[in-house]
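With mmCIF, C-alpha atoms (C1' of nucleotides) inside, this is model.cif:
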data_work
loop_
_atom_site.label_atom_id
_atom_site.label_comp_id
_atom_site.auth_asym_id
_atom_site.auth_seq_id
_atom_site.Cartn_x
_atom_site.Cartn_y
_atom_site.Cartn_z
CA MET A 3 15.56 -9.57 -30.87
CA ARG A 4 15.60 -10.32 -34.56
CA ALA A 5 17.05 -7.62 -36.81
CA ASP A 6 13.75 -6.98 -38.63
CA ALA A 7 11.91 -6.75 -35.32
CA ARG A 8 14.36 -4.18 -33.97
CA SER A 9 14.04 -2.15 -37.13
CA ASN A 10 10.25 -2.25 -36.82
CA HIS A 11 10.49 -1.18 -33.18
CA GLU A 12 12.47 1.91 -34.11
CA ARG A 13 10.34 2.76 -37.12
CA ILE A 14 7.16 2.55 -35.04
CA LEU A 15 8.58 4.91 -32.44
CA ALA A 16 9.72 7.40 -35.07
CA ALA A 17 6.33 7.25 -36.77
CA ALA A 18 4.57 7.78 -33.45
CA ARG A 19 6.72 10.79 -32.60
CA ALA A 20 6.10 12.36 -36.01
CA LEU A 21 2.35 11.75 -35.95
CA PHE A 22 1.78 12.81 -32.33
CA ALA A 23 3.62 15.98 -33.34
CA SER A 24 1.44 16.73 -36.36
CA ASP A 25 -1.93 15.21 -35.40
CA GLY A 26 -1.88 15.37 -31.61
CA ALA A 27 -4.90 13.77 -30.01
CA ASP A 28 -6.22 12.75 -33.44
CA THR A 29 -3.31 10.38 -34.00
CA GLN A 30 -4.59 6.91 -34.85
CA VAL A 31 -2.68 3.72 -34.20
CA ASP A 32 -3.59 2.63 -37.74
CA ALA A 33 -1.85 5.73 -39.08
CA ILE A 34 1.26 5.02 -37.00
CA ALA A 35 1.36 1.46 -38.35
CA ARG A 36 0.90 2.67 -41.92
CA ARG A 37 3.66 5.27 -41.62
CA ALA A 38 6.00 2.72 -40.04
CA GLY A 39 5.21 0.31 -42.87
CA VAL A 40 3.85 -2.45 -40.62
CA GLY A 41 0.46 -3.91 -39.73
CA VAL A 42 -1.43 -2.70 -36.65
CA GLY A 43 -0.82 -6.02 -34.99
CA THR A 44 2.91 -5.39 -35.11
CA VAL A 45 2.49 -2.10 -33.27
CA TYR A 46 0.62 -3.96 -30.54
CA ARG A 47 3.24 -6.72 -30.46
CA HIS A 48 5.93 -4.12 -29.64
CA PHE A 49 3.86 -1.82 -27.43
CA PRO A 50 0.96 -3.25 -25.41
CA ASP A 51 -1.13 -0.09 -25.87
CA LYS A 52 -1.04 3.55 -26.87
CA ASP A 53 0.18 4.57 -23.40
CA ALA A 54 3.21 2.31 -23.77
CA LEU A 55 4.05 4.03 -27.04
CA MET A 56 3.90 7.43 -25.38
CA GLY A 57 5.83 6.03 -22.42
CA ALA A 58 8.66 4.94 -24.72
CA LEU A 59 8.91 8.47 -26.11
CA VAL A 60 9.01 9.92 -22.59
CA ARG A 61 11.68 7.41 -21.60
CA GLU A 62 13.90 8.31 -24.55
CA ARG A 63 13.55 11.99 -23.71
CA PHE A 64 14.61 11.51 -20.08
CA ILE A 65 17.65 9.53 -21.23
CA ALA A 66 18.62 12.56 -23.34
CA PHE A 67 17.84 14.97 -20.47
CA ASN A 68 20.14 12.99 -18.22
CA GLU A 69 22.93 13.15 -20.75
CA GLN A 70 22.59 16.95 -20.85
CA LEU A 71 22.61 17.08 -17.04
CA ARG A 72 25.80 15.01 -16.83
CA GLU A 73 27.43 17.41 -19.21
CA ALA A 74 26.40 20.43 -17.14
CA ILE A 75 27.66 18.70 -14.00
CA SER A 76 31.08 18.02 -15.45
CA LYS A 77 31.50 21.44 -17.03
CA GLY A 78 29.97 23.72 -14.43
CA GLU A 79 31.98 23.24 -11.25
CA GLN A 80 33.04 26.88 -11.05
CA GLN A 81 29.66 28.54 -11.65
CA PRO A 82 27.08 26.23 -10.12
CA PHE A 83 24.01 28.39 -10.67
CA ALA A 84 24.92 29.14 -14.28
CA ALA A 85 25.43 25.41 -14.83
CA LEU A 86 21.97 24.65 -13.42
CA CYS A 87 20.38 27.32 -15.61
CA GLU A 88 22.18 26.09 -18.70
CA ALA A 89 21.06 22.50 -18.05
CA LEU A 90 17.42 23.56 -17.71
CA ARG A 91 17.69 25.68 -20.87
CA ALA A 92 19.17 22.72 -22.73
CA ASN A 93 16.40 20.39 -21.51
CA SER A 94 13.73 22.90 -22.49
CA THR A 95 15.19 23.55 -25.91
CA ALA A 96 15.27 19.83 -26.65
CA LEU A 97 11.66 19.48 -25.56
CA ALA A 98 10.64 22.52 -27.62
CA GLU A 99 12.01 20.80 -30.71
CA ASP A 100 10.12 17.54 -30.12
CA ALA A 101 6.38 18.15 -30.31
CA GLY A 102 5.61 14.44 -30.40
CA THR A 103 7.22 13.77 -27.04
CA ARG A 104 5.68 16.95 -25.65
CA PHE A 105 2.29 15.51 -26.48
CA ALA A 106 3.20 12.41 -24.49
CA PHE A 107 4.42 14.54 -21.57
CA MET A 108 1.26 16.62 -21.42
CA ARG A 109 -1.44 14.13 -22.32
CA GLY A 110 0.02 10.99 -20.82
CA GLY A 111 -0.86 10.56 -17.19
CA GLU A 112 0.82 8.52 -14.48
CA ARG A 113 0.54 5.37 -16.54
CA VAL A 114 2.72 6.91 -19.24
CA PHE A 115 5.40 8.21 -16.88
CA ALA A 116 5.54 4.84 -15.16
CA HIS A 117 7.32 3.56 -18.27
CA ALA A 118 10.19 5.94 -17.50
CA HIS A 119 10.34 5.41 -13.74
CA ASP A 120 14.05 4.65 -13.48
CA GLU A 121 15.05 7.44 -15.84
CA VAL A 122 13.02 9.97 -13.85
CA GLU A 123 14.74 8.84 -10.65
CA GLU A 124 18.11 9.38 -12.28
CA TYR A 125 16.95 12.77 -13.56
CA LEU A 126 16.14 13.85 -10.01
CA ALA A 127 19.46 12.56 -8.67
CA LEU A 128 21.45 14.38 -11.36
CA THR A 129 19.46 17.58 -10.97
CA ASN A 130 20.05 17.40 -7.26
CA VAL A 131 23.80 17.55 -7.80
CA LEU A 132 23.37 20.87 -9.61
CA VAL A 133 20.81 22.29 -7.17
CA ASP A 134 22.88 21.28 -4.17
CA ARG A 135 26.03 22.92 -5.52
CA ALA A 136 24.16 26.13 -6.29
CA LYS A 137 22.59 26.17 -2.84
CA ARG A 138 25.99 25.73 -1.18
CA ALA A 139 27.24 28.65 -3.27
CA GLY A 140 24.34 30.68 -1.93
CA SER A 141 22.90 31.46 -5.36
CA VAL A 142 19.64 29.50 -5.02
CA ARG A 143 17.03 30.20 -2.34
CA PRO A 144 17.71 27.95 0.66
CA ASP A 145 14.14 26.61 0.72
CA PHE A 146 14.36 25.41 -2.89
CA ASP A 147 13.94 21.68 -3.45
CA VAL A 148 14.91 19.36 -6.33
CA ALA A 149 11.30 18.30 -6.65
CA ASP A 150 10.52 21.90 -7.55
CA VAL A 151 12.47 21.48 -10.79
CA PRO A 152 10.18 19.00 -12.58
CA MET A 153 7.21 20.93 -11.21
CA LEU A 154 8.42 24.17 -12.76
CA MET A 155 9.57 22.44 -15.95
CA CYS A 156 6.10 20.94 -16.30
CA GLY A 157 4.86 24.52 -16.37
CA VAL A 158 7.39 25.52 -19.02
CA CYS A 159 6.36 22.51 -21.10
CA ALA A 160 2.73 23.58 -20.89
CA THR A 161 3.77 26.99 -22.19
CA ILE A 162 5.76 25.54 -25.10
CA ASP A 163 2.66 23.69 -26.29
CA ALA A 164 0.18 26.48 -25.69
CA GLY A 165 2.63 28.99 -27.16
CA LYS A 166 2.76 27.20 -30.51
CA GLY A 167 -1.02 27.18 -30.63
CA GLY A 168 -1.72 30.79 -31.45
CA ALA A 169 -1.41 32.25 -27.95
CA GLY A 170 1.99 33.55 -28.96
CA TRP A 171 3.62 32.81 -25.63
CA ASP A 172 7.39 32.61 -25.32
CA TRP A 173 8.52 29.66 -23.27
CA ARG A 174 12.05 31.14 -23.01
CA ARG A 175 10.52 34.06 -21.15
CA HIS A 176 8.62 31.68 -18.89
CA LEU A 177 11.85 29.78 -18.17
CA GLU A 178 13.82 32.96 -17.41
CA LEU A 179 11.13 34.16 -15.00
CA VAL A 180 11.24 30.77 -13.31
CA LEU A 181 15.03 30.90 -13.03
CA ALA A 182 14.75 34.38 -11.54
CA GLY A 183 12.32 33.00 -8.97
CA MET A 184 14.77 30.23 -8.04
CA ALA A 185 17.59 32.65 -7.49
CA ALA A 186 18.43 33.73 -3.95
CA ALA A 187 17.23 37.25 -4.62
CA VAL A 188 15.71 39.62 -2.10
CA ALA A 189 12.01 39.14 -2.62
CA GLU A 190 9.47 41.81 -1.79
CA PRO A 191 7.95 41.56 1.68
CA SER A 192 4.47 41.23 0.21
CA VAL A 193 5.49 38.09 -1.67
CA THR A 194 7.23 36.20 1.07
CA SER A 195 4.62 37.09 3.69
CA GLY A 196 1.55 36.13 1.67
CA GLY A 197 2.27 32.60 0.52
CA THR A 198 2.04 29.17 2.07
CA PRO A 199 4.25 29.03 5.14
CA MET B 5 -35.56 29.82 -23.55
CA ARG B 6 -38.20 27.57 -22.03
CA ALA B 7 -37.86 26.94 -18.31
CA ASP B 8 -37.28 23.19 -18.72
CA ALA B 9 -34.67 23.86 -21.38
CA ARG B 10 -32.78 26.27 -19.14
CA SER B 11 -32.88 23.78 -16.32
CA ASN B 12 -31.52 21.10 -18.64
CA HIS B 13 -28.76 23.42 -19.82
CA GLU B 14 -27.57 23.98 -16.27
CA ARG B 15 -27.88 20.35 -15.26
CA ILE B 16 -25.85 19.25 -18.29
CA LEU B 17 -23.05 21.69 -17.43
CA ALA B 18 -23.01 20.58 -13.78
CA ALA B 19 -22.92 16.94 -14.84
CA ALA B 20 -20.09 17.62 -17.28
CA ARG B 21 -18.04 19.43 -14.64
CA ALA B 22 -18.51 16.61 -12.16
CA LEU B 23 -17.71 13.85 -14.64
CA PHE B 24 -14.70 15.57 -16.24
CA ALA B 25 -13.44 15.93 -12.68
CA SER B 26 -13.82 12.28 -11.77
CA ASP B 27 -13.32 10.49 -15.10
CA GLY B 28 -11.14 12.93 -17.05
CA ALA B 29 -10.49 11.80 -20.59
CA ASP B 30 -12.73 8.75 -20.08
CA THR B 31 -15.82 10.93 -19.67
CA GLN B 32 -18.52 9.83 -22.11
CA VAL B 33 -21.23 12.10 -23.43
CA ASP B 34 -23.72 9.31 -22.70
CA ALA B 35 -22.66 9.42 -19.05
CA ILE B 36 -23.09 13.20 -18.92
CA ALA B 37 -26.58 12.85 -20.37
CA ARG B 38 -27.48 10.10 -17.92
CA ARG B 39 -26.23 12.10 -14.93
CA ALA B 40 -28.09 15.19 -16.12
CA GLY B 41 -31.25 13.11 -16.52
CA VAL B 42 -31.66 13.83 -20.24
CA GLY B 43 -31.18 11.98 -23.51
CA VAL B 44 -27.91 12.32 -25.47
CA GLY B 45 -29.73 14.26 -28.14
CA THR B 46 -30.55 16.96 -25.62
CA VAL B 47 -26.88 17.37 -24.76
CA TYR B 48 -26.17 17.91 -28.46
CA ARG B 49 -29.09 20.31 -28.79
CA HIS B 50 -27.54 22.55 -26.12
CA PHE B 51 -23.88 22.09 -27.01
CA PRO B 52 -22.90 21.33 -30.62
CA ASP B 53 -20.05 19.04 -29.54
CA LYS B 54 -17.84 18.01 -26.62
CA ASP B 55 -15.55 21.01 -27.19
CA ALA B 56 -18.49 23.37 -26.76
CA LEU B 57 -19.26 21.74 -23.42
CA MET B 58 -15.68 22.26 -22.26
CA GLY B 59 -15.76 25.78 -23.69
CA ALA B 60 -18.80 26.62 -21.57
CA LEU B 61 -16.94 25.49 -18.44
CA VAL B 62 -13.93 27.62 -19.39
CA ARG B 63 -16.19 30.58 -20.04
CA GLU B 64 -17.86 30.31 -16.63
CA ARG B 65 -14.47 30.12 -14.97
CA PHE B 66 -13.19 33.30 -16.65
CA ILE B 67 -16.34 35.13 -15.59
CA ALA B 68 -15.52 34.15 -12.00
CA PHE B 69 -11.82 35.06 -12.46
CA ASN B 70 -12.86 38.50 -13.67
CA GLU B 71 -15.06 39.02 -10.65
CA GLN B 72 -12.09 38.22 -8.38
CA LEU B 73 -9.92 40.63 -10.37
CA ARG B 74 -12.44 43.45 -10.03
CA GLU B 75 -12.47 42.90 -6.31
CA ALA B 76 -8.66 43.05 -6.10
CA ILE B 77 -8.66 46.21 -8.20
CA SER B 78 -11.13 47.99 -5.95
CA LYS B 79 -9.53 46.88 -2.69
CA GLY B 80 -5.83 47.07 -3.48
CA GLU B 81 -5.14 50.67 -4.40
CA GLN B 82 -2.60 51.17 -1.63
CA GLN B 83 -0.53 47.99 -2.14
CA PRO B 84 -0.58 47.28 -5.85
CA PHE B 85 1.78 44.29 -5.88
CA ALA B 86 0.07 42.64 -2.94
CA ALA B 87 -3.25 43.14 -4.74
CA LEU B 88 -1.91 41.49 -7.90
CA CYS B 89 -0.55 38.54 -5.89
CA GLU B 90 -3.81 38.13 -4.01
CA ALA B 91 -5.80 38.13 -7.24
CA LEU B 92 -3.61 35.43 -8.75
CA ARG B 93 -3.82 33.38 -5.57
CA ALA B 94 -7.60 33.70 -5.60
CA ASN B 95 -7.79 32.65 -9.27
CA SER B 96 -5.52 29.66 -8.63
CA THR B 97 -7.40 28.55 -5.55
CA ALA B 98 -10.68 28.62 -7.45
CA LEU B 99 -9.14 26.58 -10.26
CA ALA B 100 -7.62 24.12 -7.79
CA GLU B 101 -11.10 23.44 -6.44
CA ASP B 102 -12.64 22.76 -9.85
CA ALA B 103 -11.03 19.70 -11.43
CA GLY B 104 -13.66 19.50 -14.16
CA THR B 105 -12.86 22.95 -15.51
CA ARG B 106 -9.15 22.25 -15.12
CA PHE B 107 -9.57 19.32 -17.44
CA ALA B 108 -11.16 21.66 -19.98
CA PHE B 109 -8.32 24.17 -19.54
CA MET B 110 -5.59 21.60 -20.06
CA ARG B 111 -7.09 19.26 -22.63
CA GLY B 112 -9.15 21.70 -24.63
CA GLY B 113 -7.19 23.41 -27.37
CA GLU B 114 -7.80 26.66 -29.19
CA ARG B 115 -11.26 25.54 -30.24
CA VAL B 116 -12.30 25.29 -26.59
CA PHE B 117 -10.88 28.68 -25.57
CA ALA B 118 -12.57 30.30 -28.56
CA HIS B 119 -15.86 29.84 -26.69
CA ALA B 120 -14.56 32.23 -24.00
CA HIS B 121 -12.95 34.79 -26.30
CA ASP B 122 -14.60 37.90 -24.87
CA GLU B 123 -14.12 36.82 -21.27
CA VAL B 124 -10.40 36.20 -21.88
CA GLU B 125 -10.07 39.68 -23.39
CA GLU B 126 -11.67 41.16 -20.29
CA TYR B 127 -9.40 39.04 -18.09
CA LEU B 128 -6.34 40.53 -19.80
CA ALA B 129 -7.69 44.07 -19.50
CA LEU B 130 -8.45 43.69 -15.80
CA THR B 131 -5.12 42.00 -15.07
CA ASN B 132 -3.40 44.83 -16.88
CA VAL B 133 -4.84 47.32 -14.42
CA LEU B 134 -3.15 45.45 -11.57
CA VAL B 135 0.12 44.86 -13.41
CA ASP B 136 0.32 48.45 -14.53
CA ARG B 137 -0.24 49.81 -11.03
CA ALA B 138 2.44 47.49 -9.60
CA LYS B 139 4.88 48.49 -12.32
CA ARG B 140 4.32 52.18 -11.62
CA ALA B 141 4.99 51.44 -7.95
CA GLY B 142 8.27 49.81 -9.00
CA SER B 143 7.44 46.45 -7.43
CA VAL B 144 7.23 44.41 -10.65
CA ARG B 145 10.11 44.04 -13.12
CA PRO B 146 9.81 46.74 -15.77
CA ASP B 147 9.99 44.20 -18.63
CA PHE B 148 7.02 42.24 -17.30
CA ASP B 149 4.01 42.03 -19.60
CA VAL B 150 0.31 41.26 -18.98
CA ALA B 151 0.54 38.43 -21.47
CA ASP B 152 3.05 36.80 -19.12
CA VAL B 153 0.28 36.30 -16.57
CA PRO B 154 -1.85 33.72 -18.43
CA MET B 155 1.39 32.07 -19.59
CA LEU B 156 2.60 31.62 -16.03
CA MET B 157 -0.87 30.69 -14.77
CA CYS B 158 -1.05 28.00 -17.43
CA GLY B 159 2.07 26.56 -15.82
CA VAL B 160 0.52 26.69 -12.36
CA CYS B 161 -2.60 24.98 -13.70
CA ALA B 162 -0.45 22.18 -15.14
CA THR B 163 1.08 21.74 -11.69
CA ILE B 164 -2.29 21.62 -9.95
CA ASP B 165 -3.32 18.71 -12.17
CA ALA B 166 -0.04 16.85 -12.10
CA GLY B 167 0.25 17.47 -8.36
CA LYS B 168 -3.02 15.68 -7.60
CA GLY B 169 -1.83 12.71 -9.65
CA GLY B 170 0.72 11.22 -7.29
CA ALA B 171 3.66 13.49 -8.10
CA GLY B 172 2.98 15.28 -4.84
CA TRP B 173 3.67 18.72 -6.22
CA ASP B 174 2.44 21.79 -4.43
CA TRP B 175 0.95 24.37 -6.80
CA ARG B 176 1.05 27.00 -4.06
CA ARG B 177 4.82 26.65 -4.06
CA HIS B 178 4.87 26.95 -7.84
CA LEU B 179 2.76 30.10 -7.65
CA GLU B 180 4.95 31.68 -4.95
CA LEU B 181 8.10 31.02 -6.99
CA VAL B 182 6.40 32.59 -10.00
CA LEU B 183 5.39 35.65 -7.97
CA ALA B 184 8.98 35.94 -6.73
CA GLY B 185 10.15 35.88 -10.36
CA MET B 186 7.72 38.67 -11.25
CA ALA B 187 8.95 40.89 -8.46
CA ALA B 188 11.44 43.63 -9.20
CA ALA B 189 14.17 41.84 -7.30
CA VAL B 190 17.88 41.99 -8.00
CA ALA B 191 18.50 38.89 -10.10
CA GLU B 192 21.85 37.16 -10.24
CA PRO B 193 24.08 38.21 -13.15
CA SER B 194 24.17 34.64 -14.45
CA VAL B 195 20.40 34.61 -14.85
CA THR B 196 19.91 37.90 -16.60
CA SER B 197 22.85 37.39 -18.93
CA GLY B 198 21.95 33.91 -20.17
CA GLY B 199 18.38 34.22 -21.34
CA THR B 200 16.67 35.56 -24.42
CA PRO B 201 17.51 39.21 -24.82
"C1'" DA C 19 9.55 -15.73 -33.73
"C1'" DC C 20 7.34 -12.44 -35.89
"C1'" DC C 21 3.87 -10.27 -39.03
"C1'" DT C 22 -0.84 -9.27 -41.08
"C1'" DG C 23 -5.38 -7.20 -41.28
"C1'" DA C 24 -10.27 -8.48 -40.86
"C1'" DA C 25 -13.32 -8.48 -37.01
"C1'" DC C 26 -14.92 -6.78 -32.60
"C1'" DA C 27 -15.98 -3.36 -29.03
"C1'" DC C 28 -16.60 1.16 -27.67
"C1'" DC C 29 -18.04 5.83 -27.85
"C1'" DG C 30 -19.02 10.54 -30.35
"C1'" DT C 31 -22.61 12.23 -33.16
"C1'" DT C 32 -26.97 12.25 -35.95
"C1'" DC C 33 -31.78 12.17 -37.03
"C1'" DA C 34 -36.47 10.24 -37.46
"C1'" DA C 35 -40.14 9.91 -34.35
"C1'" DG C 36 -42.32 11.63 -30.31
"C1'" DT C 37 -44.39 15.31 -26.82
"C1'" DA D 30 -39.92 24.24 -29.19
"C1'" DC D 31 -37.84 20.75 -27.19
"C1'" DC D 32 -36.76 15.83 -26.03
"C1'" DT D 33 -35.58 10.80 -26.89
"C1'" DG D 34 -32.60 6.94 -27.99
"C1'" DA D 35 -31.73 3.62 -31.73
"C1'" DA D 36 -28.57 3.72 -35.49
"C1'" DC D 37 -24.32 5.06 -37.70
"C1'" DA D 38 -19.37 6.08 -38.04
"C1'" DC D 39 -14.97 5.91 -36.25
"C1'" DC D 40 -11.00 4.12 -34.01
"C1'" DG D 41 -8.44 1.20 -30.21
"C1'" DT D 42 -7.49 -3.52 -29.62
"C1'" DT D 43 -7.59 -8.61 -30.49
"C1'" DC D 44 -6.67 -12.94 -32.62
"C1'" DA D 45 -6.82 -16.56 -36.22
"C1'" DA D 46 -4.15 -17.37 -40.15
"C1'" DG D 47 0.10 -16.68 -42.47
"C1'" DT D 48 5.53 -16.49 -43.16
#

Same coordinates, now as structure tokens:
Amino acid sequence: MRADARSNHERILAAARALFASDGADTQVDAIARRAGVGVGTVYRHFPDKDALMGALVRERFIAFNEQLREAISKGEQQPFAALCEALRANSTALAEDAGTRFAFMRGGERVFAHAHDEVEEYLALTNVLVDRAKRAGSVRPDFDVADVPMLMCGVCATIDAGKGGAGWDWRRHLELVLAGMAAAVAEPSVTSGGTP
Amino acid sequence: MRADARSNHERILAAARALFASDGADTQVDAIARRAGVGVGTVYRHFPDKDALMGALVRERFIAFNEQLREAISKGEQQPFAALCEALRANSTALAEDAGTRFAFMRGGERVFAHAHDEVEEYLALTNVLVDRAKRAGSVRPDFDVADVPMLMCGVCATIDAGKGGAGWDWRRHLELVLAGMAAAVAEPSVTSGGTP
DNA sequence: ACCTGAACACCGTTCAAGT
DNA sequence: ACCTGAACACCGTTCAAGT
């Protein structure tokens, strides 16, 4: 790729992240092109459509998530559950600081996540290392599954977004309640008896 | 309101719910009008814009939520935590069966929820009755707050939607983990020490 | 190879004319 | 009072012309 093309590629992504963050659903491709200092056609040369732009943001985020997970894996051998919690806190904090990517997470559908397929697979594999260790140590409920992690994190992400919008919710609280639910604590009879078997 | 106008009003809402459910973000106002058997202008006569249409769906849903809460309040005097859990399960199940309203919940912003302001207030007041009873009974963590309920339910709603879209997530599982986190269980030291104070 | 931006297509919203 | 739908405005995407 030519040097100017690579520079355009990066500037378009940065512009998209900034504008999705500030304008959300009102973000226009024209505005992204203008902010990146290129013509609209150039945006479409680098990213086939708006979904691909959002997909690229999601992909970058998962690459960063995976880096944080690798760090937790290498540092947290002695306290597996604490390591898992710290990794999820680190992931959430990063997401909380990146409203543009959050927009892509929440508003992009399957088509958007498809652009990050490999990175999501790696995310699950790395998370599984942490979950598995914690389960062996007996500090996570035995019926907990790796697939529960993105499910619960999707909920935290929804709270981050809604929380900034006037509702005044605290995603850190949401995350801590979720971590408490993961822990191998003695749940009340009424909880464990009432749910899906 | 004239009888034909009231009938149109209801048919437009039903058409919107059905089309938001099947077409999501691709739902066109023209299509809603066609399905309701009216002209576009009539849609705009009843609902000033698309947000108002979504807001009406949200409003109807909260009215139904509140009915379910009142039922749980009147039936669950003896087992306050079980009553709270049952109410949240009933709310979630209703939402899981109404993809059109879910779309409005997730994609509508503050402007959409503003159309249901009073109903949301009542929802919080009714939920507080259940939470308060359970806290007095010692079965919900003492630091739990009513405002945590919509926050956590927002997460469950995100899972319902994402779960139907190929990810294969089970919102019932999400809800049960959330209920376990609400319970006054003995959390691991590593959880309680690491979060926001 | 890559870039540009005018032109096209699509859809939310309005409003003059109708009952 | 309420309804209709053609017309307008706006924005995602394309593509012929340029470097």

**Request:** Kindly resolve the PyMOL selection byres ((chain C) within 10 of (chain B)) on the present coordinates and return the residues as an NGL selection string.
**Result:** :C and (29-33)

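Counting from C1' of DA36 (chain D), the distance to CA of Ile36 (chain B) is 19.9 Å.
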
Starting from chain A, keep only residues with some atom at most 9 Å from an atom of chain B, counting all atoms listed in the file, and report them as a compact mmCIF listing (two decimals) with C-alpha atoms, in the coordinates of the input.
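Done, and the output landed in result03.txt:
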# COMPACT_ATOMS: atom_id res chain seq x y z
CA GLN A 81 29.66 28.54 -11.65
CA PHE A 83 24.01 28.39 -10.67
CA ALA A 84 24.92 29.14 -14.28
CA CYS A 87 20.38 27.32 -15.61
CA GLU A 88 22.18 26.09 -18.70
CA ARG A 91 17.69 25.68 -20.87
CA MET A 108 1.26 16.62 -21.42
CA ARG A 109 -1.44 14.13 -22.32
CA GLY A 111 -0.86 10.56 -17.19
CA GLU A 112 0.82 8.52 -14.48
CA SER A 141 22.90 31.46 -5.36
CA ALA A 149 11.30 18.30 -6.65
CA ASP A 150 10.52 21.90 -7.55
CA MET A 153 7.21 20.93 -11.21
CA LEU A 154 8.42 24.17 -12.76
CA MET A 155 9.57 22.44 -15.95
CA CYS A 156 6.10 20.94 -16.30
CA GLY A 157 4.86 24.52 -16.37
CA VAL A 158 7.39 25.52 -19.02
CA CYS A 159 6.36 22.51 -21.10
CA ALA A 160 2.73 23.58 -20.89
CA THR A 161 3.77 26.99 -22.19
CA ALA A 164 0.18 26.48 -25.69
CA GLY A 165 2.63 28.99 -27.16
CA GLY A 167 -1.02 27.18 -30.63
CA GLY A 168 -1.72 30.79 -31.45
CA ALA A 169 -1.41 32.25 -27.95
CA TRP A 171 3.62 32.81 -25.63
CA ASP A 172 7.39 32.61 -25.32
CA TRP A 173 8.52 29.66 -23.27
CA ARG A 174 12.05 31.14 -23.01
CA ARG A 175 10.52 34.06 -21.15
CA HIS A 176 8.62 31.68 -18.89
CA LEU A 177 11.85 29.78 -18.17
CA GLU A 178 13.82 32.96 -17.41
CA LEU A 179 11.13 34.16 -15.00
CA VAL A 180 11.24 30.77 -13.31
CA LEU A 181 15.03 30.90 -13.03
CA ALA A 182 14.75 34.38 -11.54
CA GLY A 183 12.32 33.00 -8.97
CA MET A 184 14.77 30.23 -8.04
CA ALA A 185 17.59 32.65 -7.49
CA ALA A 186 18.43 33.73 -3.95
CA ALA A 187 17.23 37.25 -4.62
CA VAL A 188 15.71 39.62 -2.10
CA ALA A 189 12.01 39.14 -2.62
CA GLU A 190 9.47 41.81 -1.79
CA SER A 192 4.47 41.23 0.21
CA VAL A 193 5.49 38.09 -1.67
CA THR A 194 7.23 36.20 1.07
CA GLY A 196 1.55 36.13 1.67
CA GLY A 197 2.27 32.60 0.52
CA THR A 198 2.04 29.17 2.07

**Message:** Please report the interatomic distance between CA of Gly59 (chain B) and CA of Phe117 (chain B) in Å with one decimal.
**Reply:**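 Going from CA of Gly59 (chain B) over to CA of Phe117 (chain B) covers 6.0 Å.
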
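For the pair CA of Asp102 (chain B) and CA of Phe24 (chain B), the interatomic distance is 9.8 Å.
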
Calculate, to one decimal in Å, the centre and edge lengths of the box along x, y and z of the file that holds all listed atoms of region 30-39 of chain A with 6 Å of margin on each side, and present them as AutoDock Vina command-line options.
--center_x 0.7 --center_y 3.6 --center_z -38.5 --size_x 22.6 --size_y 18.6 --size_z 20.7

**Prompt:** So which residues are close to (20.8, 9.1, -10.5), meaning at most 12 Å away in the file's coordinates with all atoms listed in the file counted, and can you show them as number ranges by chain?
**Reply:** A: 64-65, 67-69, 71-72, 119-131

**Message:** List as a ChimeraX atom specification the protein and nucleic acid residues near Ala9 (chain B), meaning an atom at most 9 Å away when all atoms listed in the file are counted, but skip any in the same chain fewer than 4 places from it.
**Reply:** /B:5,13-14,50 /D:31

Do you know which residues are at most 8 Å from DC32 (chain D) counting all atoms listed in the file, after dropping those on the same chain fewer than 4 positions away, and could you put them as a PDB file with C-alpha atoms (C1' of nucleotides), in the coordinates of the input?
ATOM      1  CA  VAL B  42     -31.660  13.830 -20.240  1.00  0.00           C
ATOM      2  CA  GLY B  43     -31.180  11.980 -23.510  1.00  0.00           C
ATOM      3  CA  GLY B  45     -29.730  14.260 -28.140  1.00  0.00           C
ATOM      4  CA  THR B  46     -30.550  16.960 -25.620  1.00  0.00           C
TER       5      THR B  46
ATOM      6  C1'  DT C  37     -44.390  15.310 -26.820  1.00  0.00           C
TER       7       DT C  37
END

**Item:** All residues 12 Å or closer to Asp25 (chain A), only C-alpha atoms (C1' of nucleotides), same chain fewer than 6 positions away omitted, as a PyMOL selection string
**Value:** chain A and resi 17-19+31+33-34+101-102+105

**Message:** For the provided coordinates, the residues matched by the PyMOL selection byres ((chain A and resi 58) around 9) should be stated as an MDAnalysis selection string.
**Reply:** chainID A and resid 15 49 53:57 59:63 114 117:118
